[in-house]
$ cat start.cif   # mmCIF, C-alpha atoms and all ligand atoms
data_coords
loop_
_atom_site.label_atom_id
_atom_site.label_comp_id
_atom_site.auth_asym_id
_atom_site.auth_seq_id
_atom_site.Cartn_x
_atom_site.Cartn_y
_atom_site.Cartn_z
CA MET A 426 0.00 0.00 0.00
CA ASP A 427 1.28 3.47 -0.95
CA LYS A 428 0.08 5.74 1.90
CA ASP A 429 1.38 9.03 0.44
CA PHE A 430 -0.23 8.24 -2.89
CA LEU A 431 -3.52 7.25 -1.23
CA LYS A 432 -3.68 10.59 0.63
CA ARG A 433 -4.06 12.24 -2.77
CA VAL A 434 -6.89 9.92 -3.79
CA SER A 435 -10.46 10.83 -2.87
CA LEU A 436 -13.39 8.43 -2.71
CA LYS A 437 -16.74 9.73 -3.95
CA SER A 438 -20.24 8.38 -4.46
CA LEU A 439 -20.87 7.40 -8.05
CA SER A 440 -22.60 9.99 -10.22
CA PRO A 441 -23.40 10.13 -13.96
CA SER A 442 -20.43 12.48 -14.45
CA HIS A 443 -18.11 9.55 -13.65
CA VAL A 444 -19.33 7.30 -16.45
CA GLU A 445 -16.76 8.44 -19.05
CA GLY A 446 -13.91 7.77 -16.61
CA ILE A 447 -15.26 4.28 -15.95
CA ILE A 448 -15.62 3.54 -19.67
CA GLU A 449 -11.97 4.56 -20.18
CA ILE A 450 -10.69 2.35 -17.33
CA ASP A 451 -12.73 -0.58 -18.67
CA ARG A 452 -11.24 0.05 -22.14
CA ARG A 453 -7.72 0.06 -20.71
CA ILE A 454 -8.38 -3.23 -18.93
CA LEU A 455 -10.43 -5.10 -21.54
CA GLY A 456 -9.37 -3.34 -24.73
CA LYS A 457 -12.81 -2.23 -25.99
CA ARG A 458 -15.19 0.67 -25.37
CA ARG A 459 -18.55 -0.36 -23.90
CA GLN A 460 -20.44 2.91 -23.85
CA SER A 461 -24.09 1.87 -23.61
CA PHE A 462 -23.30 -1.05 -21.27
CA TRP A 463 -21.72 1.30 -18.71
CA LYS A 464 -24.32 4.05 -19.09
CA LYS A 465 -27.08 1.56 -18.22
CA LYS A 466 -25.12 -0.01 -15.39
CA VAL A 467 -24.13 3.30 -13.80
CA SER A 468 -27.67 4.65 -13.90
CA ALA A 469 -28.99 1.42 -12.32
CA VAL A 470 -26.46 1.56 -9.47
CA GLU A 471 -26.88 5.29 -9.04
CA SER A 472 -30.62 4.90 -8.52
CA ASN A 473 -30.04 2.65 -5.47
CA VAL A 474 -31.10 4.13 -2.14
CA SER A 475 -27.75 3.40 -0.45
CA PRO A 476 -24.48 4.56 -1.97
CA THR A 477 -23.25 1.32 -3.50
CA GLY A 478 -21.21 2.83 -6.32
CA ILE A 479 -17.92 4.50 -5.40
CA VAL A 480 -15.18 6.01 -7.49
CA ALA A 481 -11.58 6.88 -6.62
CA GLU A 482 -10.36 10.17 -8.06
CA LEU A 483 -6.88 11.58 -8.44
CA ASP A 484 -6.74 15.25 -9.49
CA ASN A 485 -10.46 15.04 -10.38
CA LYS A 486 -9.88 12.11 -12.72
CA VAL A 487 -11.48 8.70 -12.12
CA ILE A 488 -8.73 6.11 -11.52
CA GLY A 489 -10.85 3.33 -10.03
CA PHE A 490 -14.40 2.29 -9.26
CA ILE A 491 -16.49 -0.31 -7.50
CA LEU A 492 -20.16 -1.03 -8.14
CA GLY A 493 -22.39 -3.04 -5.85
CA GLU A 494 -25.97 -3.49 -4.79
CA ILE A 495 -28.03 -4.66 -1.86
CA SER A 496 -30.29 -7.54 -2.78
CA GLY A 497 -33.97 -8.02 -2.28
CA TRP A 498 -35.22 -11.59 -2.32
CA GLU A 499 -34.42 -12.33 -5.95
CA PHE A 500 -32.13 -15.27 -5.20
CA GLY A 501 -33.87 -16.49 -2.08
CA VAL A 502 -31.35 -14.63 0.06
CA PRO A 503 -32.36 -11.97 2.60
CA ALA A 504 -32.06 -8.24 2.03
CA SER A 505 -29.07 -8.21 4.34
CA VAL A 506 -26.93 -9.39 1.44
CA GLY A 507 -24.62 -7.10 -0.51
CA TRP A 508 -23.32 -7.94 -3.96
CA ILE A 509 -20.15 -6.70 -5.56
CA ASP A 510 -20.80 -6.32 -9.24
CA THR A 511 -17.60 -4.89 -10.70
CA ILE A 512 -14.33 -3.41 -9.56
CA GLY A 513 -11.70 -1.86 -11.78
CA VAL A 514 -8.56 0.22 -11.29
CA ASP A 515 -6.71 2.04 -14.06
CA PRO A 516 -3.71 -0.22 -14.87
CA LYS A 517 -1.45 2.81 -14.39
CA TYR A 518 -2.45 3.03 -10.71
CA GLN A 519 -2.83 -0.63 -9.76
CA LYS A 520 -0.98 -2.27 -6.83
CA ARG A 521 -1.04 0.94 -4.77
CA GLY A 522 -4.03 0.22 -2.54
CA VAL A 523 -6.79 1.89 -4.60
CA ALA A 524 -9.00 -1.22 -4.91
CA LYS A 525 -8.58 -2.00 -1.23
CA ALA A 526 -9.64 1.55 -0.31
CA LEU A 527 -12.70 1.30 -2.60
CA MET A 528 -13.64 -2.06 -1.13
CA GLY A 529 -13.26 -0.74 2.45
CA GLU A 530 -15.58 2.17 1.70
CA LEU A 531 -18.20 -0.06 0.06
CA ILE A 532 -18.08 -2.53 2.96
CA ASN A 533 -18.65 0.37 5.39
CA ASN A 534 -21.64 1.54 3.38
CA PHE A 535 -23.01 -2.00 3.24
CA ARG A 536 -22.62 -2.35 7.02
CA LYS A 537 -24.46 0.94 7.63
CA SER A 538 -27.34 -0.48 5.55
CA GLY A 539 -27.48 -3.64 7.67
CA VAL A 540 -25.68 -5.95 5.25
CA LYS A 541 -24.30 -9.04 6.98
CA ASN A 542 -22.92 -11.04 4.04
CA ILE A 543 -21.25 -9.86 0.87
CA TYR A 544 -21.13 -12.00 -2.26
CA THR A 545 -19.44 -11.70 -5.59
CA LEU A 546 -18.86 -13.92 -8.62
CA VAL A 547 -15.41 -14.20 -10.12
CA ASN A 548 -14.44 -16.13 -13.20
CA TRP A 549 -12.34 -19.12 -12.18
CA SER A 550 -9.67 -18.13 -14.71
CA ASP A 551 -9.45 -14.53 -13.49
CA TRP A 552 -6.45 -15.01 -11.30
CA ASP A 553 -5.83 -11.28 -10.56
CA LEU A 554 -9.33 -10.75 -9.25
CA LEU A 555 -9.31 -14.00 -7.27
CA GLN A 556 -6.03 -13.02 -5.63
CA PHE A 557 -7.31 -9.55 -4.85
CA PHE A 558 -10.57 -10.80 -3.27
CA ARG A 559 -8.60 -13.28 -1.22
CA ARG A 560 -6.25 -10.54 0.03
CA VAL A 561 -9.16 -8.41 1.20
CA GLY A 562 -10.68 -11.29 3.16
CA PHE A 563 -13.10 -13.12 0.84
CA THR A 564 -13.30 -16.90 1.01
CA ARG A 565 -15.35 -19.46 -0.96
CA GLY A 566 -19.03 -19.13 -0.14
CA ASP A 567 -21.59 -21.90 0.29
CA MET A 568 -23.63 -21.16 -2.85
CA ILE A 569 -22.70 -22.84 -6.09
CA ASN A 570 -22.95 -21.39 -9.53
CA LEU A 571 -25.14 -23.44 -11.94
CA GLU A 572 -25.14 -23.03 -15.70
CA LEU A 573 -27.11 -24.38 -18.66
CA LYS A 574 -25.79 -23.75 -22.15
CA THR A 575 -28.58 -23.32 -24.75
C1 LIG B 601 -7.99 -6.65 -9.18
C2 LIG B 601 -7.79 -5.14 -9.13
C3 LIG B 601 -9.15 -4.45 -8.89
C4 LIG B 601 -6.83 -4.81 -7.96
O1 LIG B 601 -6.66 -3.41 -7.89
P1 LIG B 601 -5.42 -2.74 -7.14
O2 LIG B 601 -5.72 -1.31 -6.89
O3 LIG B 601 -4.17 -3.06 -7.87
O4 LIG B 601 -5.41 -3.56 -5.75
P2 LIG B 601 -4.76 -3.07 -4.37
O5 LIG B 601 -3.46 -2.37 -4.66
O6 LIG B 601 -5.75 -2.33 -3.55
O7 LIG B 601 -4.43 -4.48 -3.69
C5 LIG B 601 -5.05 -4.92 -2.48
C6 LIG B 601 -4.40 -6.23 -2.10
O8 LIG B 601 -4.62 -7.22 -3.12
C7 LIG B 601 -3.38 -7.70 -3.61
N1 LIG B 601 -3.48 -7.87 -5.07
C8 LIG B 601 -4.04 -7.02 -5.96
N2 LIG B 601 -3.91 -7.50 -7.22
C9 LIG B 601 -3.23 -8.68 -7.08
C10 LIG B 601 -2.77 -9.64 -8.02
N3 LIG B 601 -2.97 -9.50 -9.34
N4 LIG B 601 -2.10 -10.73 -7.56
C11 LIG B 601 -1.86 -10.88 -6.23
N5 LIG B 601 -2.28 -9.98 -5.28
C12 LIG B 601 -2.95 -8.90 -5.72
C13 LIG B 601 -2.37 -6.62 -3.29
O9 LIG B 601 -1.05 -7.14 -3.20
C14 LIG B 601 -2.88 -6.12 -1.96
O10 LIG B 601 -2.48 -7.00 -0.92
P3 LIG B 601 -2.00 -6.42 0.51
O11 LIG B 601 -3.19 -5.68 1.08
O12 LIG B 601 -1.65 -7.62 1.28
O13 LIG B 601 -0.85 -5.51 0.23
C15 LIG B 601 -7.15 -4.60 -10.46
O14 LIG B 601 -6.02 -5.40 -10.75
C16 LIG B 601 -8.10 -4.61 -11.63
O15 LIG B 601 -8.82 -3.64 -11.88
N6 LIG B 601 -8.13 -5.72 -12.38
C17 LIG B 601 -9.05 -5.88 -13.49
C18 LIG B 601 -10.42 -6.24 -12.92
C19 LIG B 601 -11.46 -6.41 -14.01
O16 LIG B 601 -11.27 -7.18 -14.94
N7 LIG B 601 -12.60 -5.68 -13.85
C20 LIG B 601 -13.66 -5.74 -14.83
C21 LIG B 601 -13.46 -4.77 -15.96
S1 LIG B 601 -13.43 -3.10 -15.45
#
$ encode --input "start.cif" --output "structure tokens"
Amino acid sequence: MDKDFLKRVSLKSLSPSHVEGIIEIDRRILGKRRQSFWKKKVSAVESNVSPTGIVAELDNKVIGFILGEISGWEFGVPASVGWIDTIGVDPKYQKRGVAKALMGELINNFRKSGVKNIYTLVNWSDWDLLQFFRRVGFTRGDMINLELKT
């Protein structure tokens, strides 16, 4: 963790003005621009009652983001469950504690809303993300992911 660097980073609640910054980080990570995908996703998260979308800014520029939500009963799990949808940090600023700071802030917000368990889904082959989630305390949960190819 780079404490001096992190002092210059501010965490803010997600707003529509952050969408372009998120699209650019996603492009740097995945190599393609997904404009309408992110516009829809950001507006869905932003309409949540609790702040479950957070961005990290350096000099007013988005360098990382985390998007989550608090579930209703859609999956037969109680409303005290928080989901982490996506996390991304600009490759230029990775490995300096930005994702950990974003995660800490989201966990605090979840706790304030009464969330007791936090879930996320990570692709088995996504080693970076798996390592990161492990480092911030996640372990394998007791739900299993089922799939039917059509
Ligand atoms: C995974 C990711 C979010 C981590 O961001 P980051 O800012 O570099 O992570 P941090 O610096 O906060 O790391 C927190 C901890 O996780 C560890 N960690 C992070 N990435 C790791 C990796 N690839 N391998 C091993 N450990 C890792 C750090 O060493 C640190 O551990 P520590 O607390 O013991 O020092 C970032 O690599 C990323 O955005 N990856 C792409 C994710 C993606 O595909 N998102 C969807 C598209 S946007």
$ residues_near_ligand --input "start.cif" --ligand "ligand LIG 601 (chain B)" --cutoff "6 Å" --atoms "all atoms listed in the file" --output "MDAnalysis selection string"
chainID A and resid 426 451 511:514 519:525 553:554 556:557 560
$ atom_distance --input "start.cif" --atom1 "atom CA of A:Gly539" --atom2 "atom CA of A:Asn473"
14.8 Å
$ atom_distance --input "start.cif" --atom1 "atom CA of A:Lys464" --atom2 "atom CA of A:Leu527"
20.4 Å
$ residues_around --input "start.cif" --residues "A:Lys541" --least-positions-apart "5" --cutoff "8 Å" --atoms "only C-alpha atoms" --output "ChimeraX atom specification"
/A:505-507,536
$ residues_around --input "start.cif" --residues "A:Lys437" --least-positions-apart "2" --cutoff "7 Å" --atoms "all atoms listed in the file" --output "PyMOL selection string"
chain A and resi 435+439+479-481
$ write_last_selection --input "start.cif" --atoms "C-alpha atoms" --output "PDB file, keeping the file's coordinate frame"
ATOM      1  CA  SER A 435     -10.460  10.830  -2.870  1.00  0.00           C
ATOM      2  CA  LEU A 439     -20.870   7.400  -8.050  1.00  0.00           C
ATOM      3  CA  ILE A 479     -17.920   4.500  -5.400  1.00  0.00           C
ATOM      4  CA  VAL A 480     -15.180   6.010  -7.490  1.00  0.00           C
ATOM      5  CA  ALA A 481     -11.580   6.880  -6.620  1.00  0.00           C
TER       6      ALA A 481
END
$ residues_around --input "start.cif" --residues "A:Ile532" --least-positions-apart "6" --cutoff "10 Å" --atoms "only C-alpha atoms" --output "PyMOL selection string"
chain A and resi 477+493+507+509+526+538+540-543
$ atom_distance --input "start.cif" --atom1 "atom CA of A:Leu492" --atom2 "atom CA of A:Gly478"
4.4 Å
$ closest_residue --input "start.cif" --among "A:Leu546, A:Ile447, A:Ile454, A:Val470" --to "A:Val487" --atoms "only C-alpha atoms"
A:Ile447
$ closest_residue --input "start.cif" --among "A:Gly566, A:Gly529, A:Pro441, A:Pro516" --to "A:Lys465" --atoms "only C-alpha atoms"
A:Pro441
$ closest_residue --input "start.cif" --among "A:Met528, A:Phe535, A:Trp549, A:Thr575" --to "A:Val561" --atoms "all atoms listed in the file"
A:Met528
$ residues_around --input "start.cif" --residues "A:Met568" --least-positions-apart "3" --cutoff "10 Å" --atoms "all atoms listed in the file" --output "VMD selection string"
chain A and resid 544 565 571
$ closest_residue --input "start.cif" --among "A:Thr545, A:Val444, A:Asp510, A:Glu572" --to "A:Arg559" --atoms "only C-alpha atoms"
A:Thr545
$ closest_residue --input "start.cif" --among "A:Asn548, A:Glu445, A:Gly489, A:Tyr518" --to "A:Gln460" --atoms "all atoms listed in the file"
A:Glu445
$ decode --input "start.cif" --residues "stretch 521-548 of chain A" --atoms "N, CA and C atoms" --output "compact mmCIF listing (two decimals), in the first residue's frame"
# COMPACT_ATOMS: atom_id res chain seq x y z
N ARG A 521 -1.40 -0.15 -5.68
CA ARG A 521 -1.04 0.94 -4.77
C ARG A 521 -2.11 1.12 -3.69
N GLY A 522 -3.03 0.18 -3.61
CA GLY A 522 -4.03 0.22 -2.54
C GLY A 522 -5.37 0.84 -2.91
N VAL A 523 -5.54 1.20 -4.20
CA VAL A 523 -6.79 1.89 -4.60
C VAL A 523 -7.99 0.95 -4.47
N ALA A 524 -7.86 -0.28 -4.96
CA ALA A 524 -9.00 -1.22 -4.91
C ALA A 524 -9.35 -1.55 -3.46
N LYS A 525 -8.33 -1.69 -2.63
CA LYS A 525 -8.58 -2.00 -1.23
C LYS A 525 -9.34 -0.85 -0.55
N ALA A 526 -8.95 0.38 -0.89
CA ALA A 526 -9.64 1.55 -0.31
C ALA A 526 -11.10 1.59 -0.79
N LEU A 527 -11.32 1.31 -2.07
CA LEU A 527 -12.70 1.30 -2.60
C LEU A 527 -13.52 0.22 -1.91
N MET A 528 -12.93 -0.94 -1.77
CA MET A 528 -13.64 -2.06 -1.13
C MET A 528 -13.98 -1.72 0.32
N GLY A 529 -13.03 -1.10 1.04
CA GLY A 529 -13.26 -0.74 2.45
C GLY A 529 -14.44 0.22 2.57
N GLU A 530 -14.49 1.18 1.67
CA GLU A 530 -15.58 2.17 1.70
C GLU A 530 -16.93 1.50 1.40
N LEU A 531 -16.95 0.61 0.41
CA LEU A 531 -18.20 -0.06 0.06
C LEU A 531 -18.66 -0.96 1.22
N ILE A 532 -17.72 -1.66 1.83
CA ILE A 532 -18.08 -2.53 2.96
C ILE A 532 -18.68 -1.69 4.09
N ASN A 533 -18.08 -0.53 4.37
CA ASN A 533 -18.65 0.37 5.39
C ASN A 533 -20.08 0.78 5.05
N ASN A 534 -20.29 1.14 3.80
CA ASN A 534 -21.64 1.54 3.38
C ASN A 534 -22.62 0.38 3.51
N PHE A 535 -22.17 -0.81 3.12
CA PHE A 535 -23.01 -2.00 3.24
C PHE A 535 -23.38 -2.22 4.71
N ARG A 536 -22.37 -2.13 5.59
CA ARG A 536 -22.62 -2.35 7.02
C ARG A 536 -23.66 -1.37 7.55
N LYS A 537 -23.51 -0.09 7.17
CA LYS A 537 -24.46 0.94 7.63
C LYS A 537 -25.88 0.61 7.17
N SER A 538 -26.01 -0.11 6.04
CA SER A 538 -27.34 -0.48 5.55
C SER A 538 -27.80 -1.82 6.09
N GLY A 539 -27.05 -2.39 7.03
CA GLY A 539 -27.48 -3.64 7.67
C GLY A 539 -27.04 -4.90 6.97
N VAL A 540 -26.14 -4.76 5.98
CA VAL A 540 -25.68 -5.95 5.25
C VAL A 540 -24.79 -6.81 6.16
N LYS A 541 -25.07 -8.12 6.14
CA LYS A 541 -24.30 -9.04 6.98
C LYS A 541 -23.36 -9.92 6.15
N ASN A 542 -23.77 -10.22 4.92
CA ASN A 542 -22.92 -11.04 4.04
C ASN A 542 -22.73 -10.34 2.70
N ILE A 543 -21.53 -10.46 2.18
CA ILE A 543 -21.25 -9.86 0.87
C ILE A 543 -20.81 -10.96 -0.09
N TYR A 544 -21.45 -10.98 -1.26
CA TYR A 544 -21.13 -12.00 -2.26
C TYR A 544 -20.59 -11.35 -3.52
N THR A 545 -19.83 -12.12 -4.24
CA THR A 545 -19.44 -11.70 -5.59
C THR A 545 -19.18 -12.95 -6.42
N LEU A 546 -19.19 -12.81 -7.72
CA LEU A 546 -18.86 -13.92 -8.62
C LEU A 546 -17.59 -13.55 -9.38
N VAL A 547 -16.66 -14.45 -9.40
CA VAL A 547 -15.41 -14.20 -10.12
C VAL A 547 -15.16 -15.38 -11.05
N ASN A 548 -14.77 -15.06 -12.27
CA ASN A 548 -14.44 -16.13 -13.20
C ASN A 548 -13.25 -16.93 -12.66
